[in-house]
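Taking it in order: structure first as structure tokens, then the write-up.
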Amino acid sequence: MSTGSTTEAPGVLRSSSGTSRHWMISIASVIGGLIVWQLAAAFVIRDPVLLPTPIETVRVLIRYLTTPYPSAGETLIGHALISLGRVIGGFAIGSFIGIAIGAMMAGFRSFRAVVDPFIEITRPLPPLAFVPVLIVWFGIGEAPKIILIAAGVVPVMAISTAAGLDAIPREMLNCARCLGASEWYTMIHVRIRAAMPQIITGMRLSMGLSWTSIVAVEMIAATAGLGFVILQAGQFLDTGLIFAGILIIALLGLGLDACLRRLQRHLDPTMKP
Amino acid sequence: MGVSQHENRQQPAVSDQSGAPGPMTNAAVSVSGLSKTFWRDGRPTNALHDIHLAIAPGEFVCLLGPSGCGKSTLLHIVAGFIPPDDGQVAAHGGLVTGPGVDRCVLFQSPTLFPWLTSRDNVLFGPRSRGMDDEETRSRADALLATVGLADFKDHYPHQLSGGMRHRAALARALINRPRILLMDEPFAALDAITREQMQNFLLDLWQREQMTVLFVTHDVEEAALLSDRVCIMSPRPGRIVDIVDIELARPRDEALRDTAEFVALRHELRERLAGA
């Protein structure tokens with residue numbers, strides 16, 4: 001019985017059952033983690049201020065989906081939409097600028113020499129460090145929040161775009177040219193098109209990065225947003241709400257990454273099943 | 001058929017010669033006094049030195065030589081990918097200043113665009129010049145049928161075998177109705193059986209379409225089987241040291257490979273290559 005699945009080796013059957021098995025393992029792993037969390041919180045730590053149980057976290061989450069927090073503010077849905085808007089805004093602006101810089105880096109050696117040090121210097125800096133300066137420069141409105149997210153996205157997108165464009169074999173470009181494509185057409189339809197999978201990998205990385213800086217961003221005099229909720233709940237030791245906020249960030253991050261992954265699979269036919 | 005095709009052909013991407021002295025105008029390809037030096041780490045490599053070559057329309061010419069003799073460089077200069085340091089190249093009388101649809105290049109790897117199906121790959125050239133009418137599309141389908149890929153037109157390159165990819169690349173080149181095919185060791189990476197099939201296929205096609213072919217190879221048998229003329233090249237500096245006319249009757253097929261005449265010719269080419 002057990003040998004049955006290993007002997008009927010060929011292609012499609014095995015790989016599809018392999019993927020579904022991977023899925024089962026992943027789901028089991030998540031459930032296992034939740035059980036460990038539940039047991040640890042309920043029987044070992046036994047203090048909801050230190051660590052609420054996952055069941056309590058979900059209960060808090062559901063309550064605040066309809067109840068505004070703070071009482072004069074938004075519901076969790078409202079906060080989530082506000083944060084989502086900031087992340088997507090910063091991500092979109094940052095991606096646009098980053099892709100443009102990356103394309104210029106791949107096109108002009110001297111330009112690369114000029115911007116390379118700046119990218120290398122800014123990439124490892126924590127976004128939090130820029131909060132005070134951004135407030136001085138741009139005030140406390142939406143602008144500094146979106147700029148802070150975009151600033152984290154730009155170097156990642158520039159590097160992955162340049163790497164993607166660099167990786168295209170010279171022969172493929174020559175080929176397009178001798179088939180009659182103009183230099184401009186070759187740039188758009190061959191060079192950038194061929195780099196798309198790598199550019200989207202960069203987008204996935206920087207989308208994650210945008211969410212990691214949302215709390216820092218919403219330290220800038222925010223009165224709404226998931227980062228704001230987490231900071232606010234922290235001041236009142238409302239640990240359940242902190243975890244609820246974290247959970248929503250995790251789910252939104254996963255959802256957006258799934259969209260980008262789908263786009264990537266659509267653009268890269270070698271990834272199709 | 002052949003005549004009407006000539007009328008449909010694309011204008012070559014070459015500038016007018018404006019009466020300048022130089023390449024003979026009745027040749028399909030004419031190379032005169034061509035030299036090229038590459039610099040790496042401040043040291044020169046004399047890739048090509050004073051090359052003269054004239055290829056008649058419809059002729060099949062091989063550049064045969066060891067790796068590093070500059071044969072690929074010569075082909076790339078004729079293609080217009082790199083400019084020569086000295087001398088000039090003309091295609092059908094017009095000076096070559098860049099790549100053009102009159103001279104299509106096939107590389108050692110098929111270089112299909114991996115995100116396009118075979119059919120969209122074939123249509124790449126016309127579409128890049130804004131031609132995407134019903135006639136072009138049906139011509140693409142006809143060409144795919146010619147190269148035996150009628151059932152694979154919606155497949156992506158990674159779903160095709162090595163030989164199929166080369167045939168798709170050939171169809172993609174032919175849709176532009178090039179007058180000159182430039183082939184850079186196109187079959188070198190194929191297995192022996194597929195290579196023979198592709199060679200026969202190419203001979204068939206060349207005879208039908210009456211194109212001029214410049215074919216780079218380091219395979220003596222391949223050069224003997226395919227060409228009207230073999231130019232033997234030698235490295236450092238890269239130059240043509242010997243030109244051998246291949247008098248074998250056409251059409252040539254499988255059976256020819258085992259004849260005494262062919263074996264003797266192969267032997268002679270090998271001798272001359274060794275002496276180069």
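Every chain in the structure tokens has a letter given in the order shown (A, B, ...), and although residue numbers restart at 1 in each chain, ligands are simply numbered from 1 in the order shown.
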* Once DSSP has gone over the backbone, tell me which residues of segment 128-171 of chain B are in helix (DSSP H, G or I), as a PyMOL selection string. => chain B and resi 128+134-146+150-152+157-159+162-171
Which residues come within 12 Å of Leu76 of chain A, counting only C-alpha atoms, excluding same-chain residues fewer than 3 positions away, as a PyMOL selection string? chain A and resi 60-71+73+79-84+224-230+241-242+244-249
**Message:** When you look at segment 267-271 of chain A with a cut-off of 10 Å (counting only C-alpha atoms), what residues show up, excluding the ones that are within fewer than 3 positions of it in the same chain? I need them as JSON, numbers by chain.
**Reply:** {"A": [193, 194, 196, 197, 198, 200, 261, 262, 263, 264], "B": [114, 115, 116, 117, 155, 156, 157, 158, 159]}
Per-residue nearest contacts of chain A to chain B (8 Å; only C-alpha atoms) as JSON lines:
{"residue": "A:Glu171", "atom": "CA", "partner": "B:Thr111", "partner_atom": "CA", "distance": 7.1}
{"residue": "A:Met172", "atom": "CA", "partner": "B:Thr111", "partner_atom": "CA", "distance": 5.7}
{"residue": "A:Asn174", "atom": "CA", "partner": "B:Phe81", "partner_atom": "CA", "distance": 6.7}
{"residue": "A:Cys175", "atom": "CA", "partner": "B:Val105", "partner_atom": "CA", "distance": 6.9}
{"residue": "A:Ala176", "atom": "CA", "partner": "B:Gly125", "partner_atom": "CA", "distance": 7.5}
{"residue": "A:Arg177", "atom": "CA", "partner": "B:Pro99", "partner_atom": "CA", "distance": 6.1}
{"residue": "A:Cys178", "atom": "CA", "partner": "B:Pro99", "partner_atom": "CA", "distance": 5.0}
{"residue": "A:Leu179", "atom": "CA", "partner": "B:Gly125", "partner_atom": "CA", "distance": 4.8}
{"residue": "A:Gly180", "atom": "CA", "partner": "B:Val101", "partner_atom": "CA", "distance": 5.2}
{"residue": "A:Ala181", "atom": "CA", "partner": "B:Ser128", "partner_atom": "CA", "distance": 5.0}
{"residue": "A:Ser182", "atom": "CA", "partner": "B:Ser128", "partner_atom": "CA", "distance": 7.5}
{"residue": "A:Tyr185", "atom": "CA", "partner": "B:Ser128", "partner_atom": "CA", "distance": 6.7}
{"residue": "A:Val190", "atom": "CA", "partner": "B:Phe113", "partner_atom": "CA", "distance": 7.8}
{"residue": "A:Ala194", "atom": "CA", "partner": "B:Trp115", "partner_atom": "CA", "distance": 7.7}
{"residue": "A:Leu267", "atom": "CA", "partner": "B:Trp115", "partner_atom": "CA", "distance": 7.1}
{"residue": "A:Asp268", "atom": "CA", "partner": "B:Trp115", "partner_atom": "CA", "distance": 6.2}
{"residue": "A:Pro269", "atom": "CA", "partner": "B:Trp115", "partner_atom": "CA", "distance": 5.8}
{"residue": "A:Thr270", "atom": "CA", "partner": "B:His158", "partner_atom": "CA", "distance": 6.6}
Can you list every residue in segment 99-272 of chain B that DSSP puts in strand (DSSP E or B), as an mmCIF file with N, CA and C atoms, in the first residue's frame?
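Full text of states07.cif as output:
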data_model
loop_
_atom_site.group_PDB
_atom_site.id
_atom_site.type_symbol
_atom_site.label_atom_id
_atom_site.label_comp_id
_atom_site.auth_asym_id
_atom_site.auth_seq_id
_atom_site.Cartn_x
_atom_site.Cartn_y
_atom_site.Cartn_z
ATOM 1 N N ARG B 103 18.940 41.044 -43.112
ATOM 2 C CA ARG B 103 19.964 40.087 -42.677
ATOM 3 C C ARG B 103 19.538 39.500 -41.335
ATOM 4 N N CYS B 104 19.012 38.303 -41.324
ATOM 5 C CA CYS B 104 18.560 37.758 -40.054
ATOM 6 C C CYS B 104 19.601 36.814 -39.464
ATOM 7 N N VAL B 105 19.788 36.894 -38.155
ATOM 8 C CA VAL B 105 20.805 36.095 -37.483
ATOM 9 C C VAL B 105 20.156 34.977 -36.683
ATOM 10 N N LEU B 106 20.730 33.775 -36.800
ATOM 11 C CA LEU B 106 20.327 32.674 -35.926
ATOM 12 C C LEU B 106 21.531 32.292 -35.075
ATOM 13 N N ILE B 180 19.261 37.476 -46.624
ATOM 14 C CA ILE B 180 20.504 36.881 -46.146
ATOM 15 C C ILE B 180 20.267 36.279 -44.769
ATOM 16 N N LEU B 181 20.657 35.006 -44.613
ATOM 17 C CA LEU B 181 20.597 34.374 -43.295
ATOM 18 C C LEU B 181 22.019 34.281 -42.761
ATOM 19 N N LEU B 182 22.223 34.784 -41.547
ATOM 20 C CA LEU B 182 23.527 34.691 -40.904
ATOM 21 C C LEU B 182 23.394 33.696 -39.758
ATOM 22 N N MET B 183 24.169 32.611 -39.809
ATOM 23 C CA MET B 183 23.968 31.559 -38.814
ATOM 24 C C MET B 183 25.261 31.327 -38.037
ATOM 25 N N ASP B 184 25.166 31.506 -36.715
ATOM 26 C CA ASP B 184 26.337 31.448 -35.837
ATOM 27 C C ASP B 184 26.358 30.123 -35.079
ATOM 28 N N THR B 212 20.642 33.809 -49.446
ATOM 29 C CA THR B 212 22.081 33.757 -49.280
ATOM 30 C C THR B 212 22.351 33.371 -47.831
ATOM 31 N N VAL B 213 23.254 32.418 -47.620
ATOM 32 C CA VAL B 213 23.530 32.007 -46.246
ATOM 33 C C VAL B 213 25.015 32.165 -45.934
ATOM 34 N N LEU B 214 25.299 32.806 -44.800
ATOM 35 C CA LEU B 214 26.654 32.830 -44.248
ATOM 36 C C LEU B 214 26.593 32.062 -42.941
ATOM 37 N N PHE B 215 27.373 30.971 -42.872
ATOM 38 C CA PHE B 215 27.185 29.982 -41.820
ATOM 39 C C PHE B 215 28.513 29.774 -41.092
ATOM 40 N N VAL B 216 28.529 30.024 -39.798
ATOM 41 C CA VAL B 216 29.752 29.855 -39.015
ATOM 42 C C VAL B 216 29.752 28.482 -38.354
ATOM 43 N N THR B 217 30.846 27.749 -38.485
ATOM 44 C CA THR B 217 30.915 26.440 -37.836
ATOM 45 C C THR B 217 32.369 26.057 -37.546
ATOM 46 N N ARG B 229 30.919 27.151 -50.810
ATOM 47 C CA ARG B 229 32.296 27.570 -50.602
ATOM 48 C C ARG B 229 32.600 27.556 -49.118
ATOM 49 N N VAL B 230 33.803 27.112 -48.761
ATOM 50 C CA VAL B 230 34.207 27.124 -47.361
ATOM 51 C C VAL B 230 35.385 28.077 -47.211
ATOM 52 N N CYS B 231 35.240 29.059 -46.314
ATOM 53 C CA CYS B 231 36.357 29.946 -46.008
ATOM 54 C C CYS B 231 37.004 29.454 -44.733
ATOM 55 N N ILE B 232 38.276 29.055 -44.852
ATOM 56 C CA ILE B 232 38.972 28.554 -43.672
ATOM 57 C C ILE B 232 39.669 29.720 -42.985
ATOM 58 N N MET B 233 39.389 29.847 -41.670
ATOM 59 C CA MET B 233 39.946 30.978 -40.931
ATOM 60 C C MET B 233 40.973 30.515 -39.929
ATOM 61 N N SER B 234 41.869 31.430 -39.582
ATOM 62 C CA SER B 234 42.942 31.110 -38.657
ATOM 63 C C SER B 234 43.061 32.233 -37.633
ATOM 64 N N ARG B 239 41.957 35.761 -39.728
ATOM 65 C CA ARG B 239 41.956 36.084 -41.166
ATOM 66 C C ARG B 239 41.498 34.862 -41.959
ATOM 67 N N ILE B 240 41.097 35.099 -43.224
ATOM 68 C CA ILE B 240 40.720 33.987 -44.098
ATOM 69 C C ILE B 240 41.979 33.505 -44.794
ATOM 70 N N VAL B 241 42.369 32.260 -44.561
ATOM 71 C CA VAL B 241 43.635 31.772 -45.103
ATOM 72 C C VAL B 241 43.442 30.896 -46.332
ATOM 73 N N ASP B 242 42.219 30.420 -46.543
ATOM 74 C CA ASP B 242 42.022 29.478 -47.639
ATOM 75 C C ASP B 242 40.545 29.484 -48.011
ATOM 76 N N ILE B 243 40.253 29.387 -49.298
ATOM 77 C CA ILE B 243 38.855 29.280 -49.723
ATOM 78 C C ILE B 243 38.719 28.037 -50.591
ATOM 79 N N VAL B 244 37.814 27.149 -50.209
ATOM 80 C CA VAL B 244 37.660 25.880 -50.918
ATOM 81 C C VAL B 244 36.269 25.839 -51.562
ATOM 82 N N ASP B 245 36.222 25.594 -52.883
ATOM 83 C CA ASP B 245 34.933 25.417 -53.555
ATOM 84 C C ASP B 245 34.473 23.989 -53.351
#
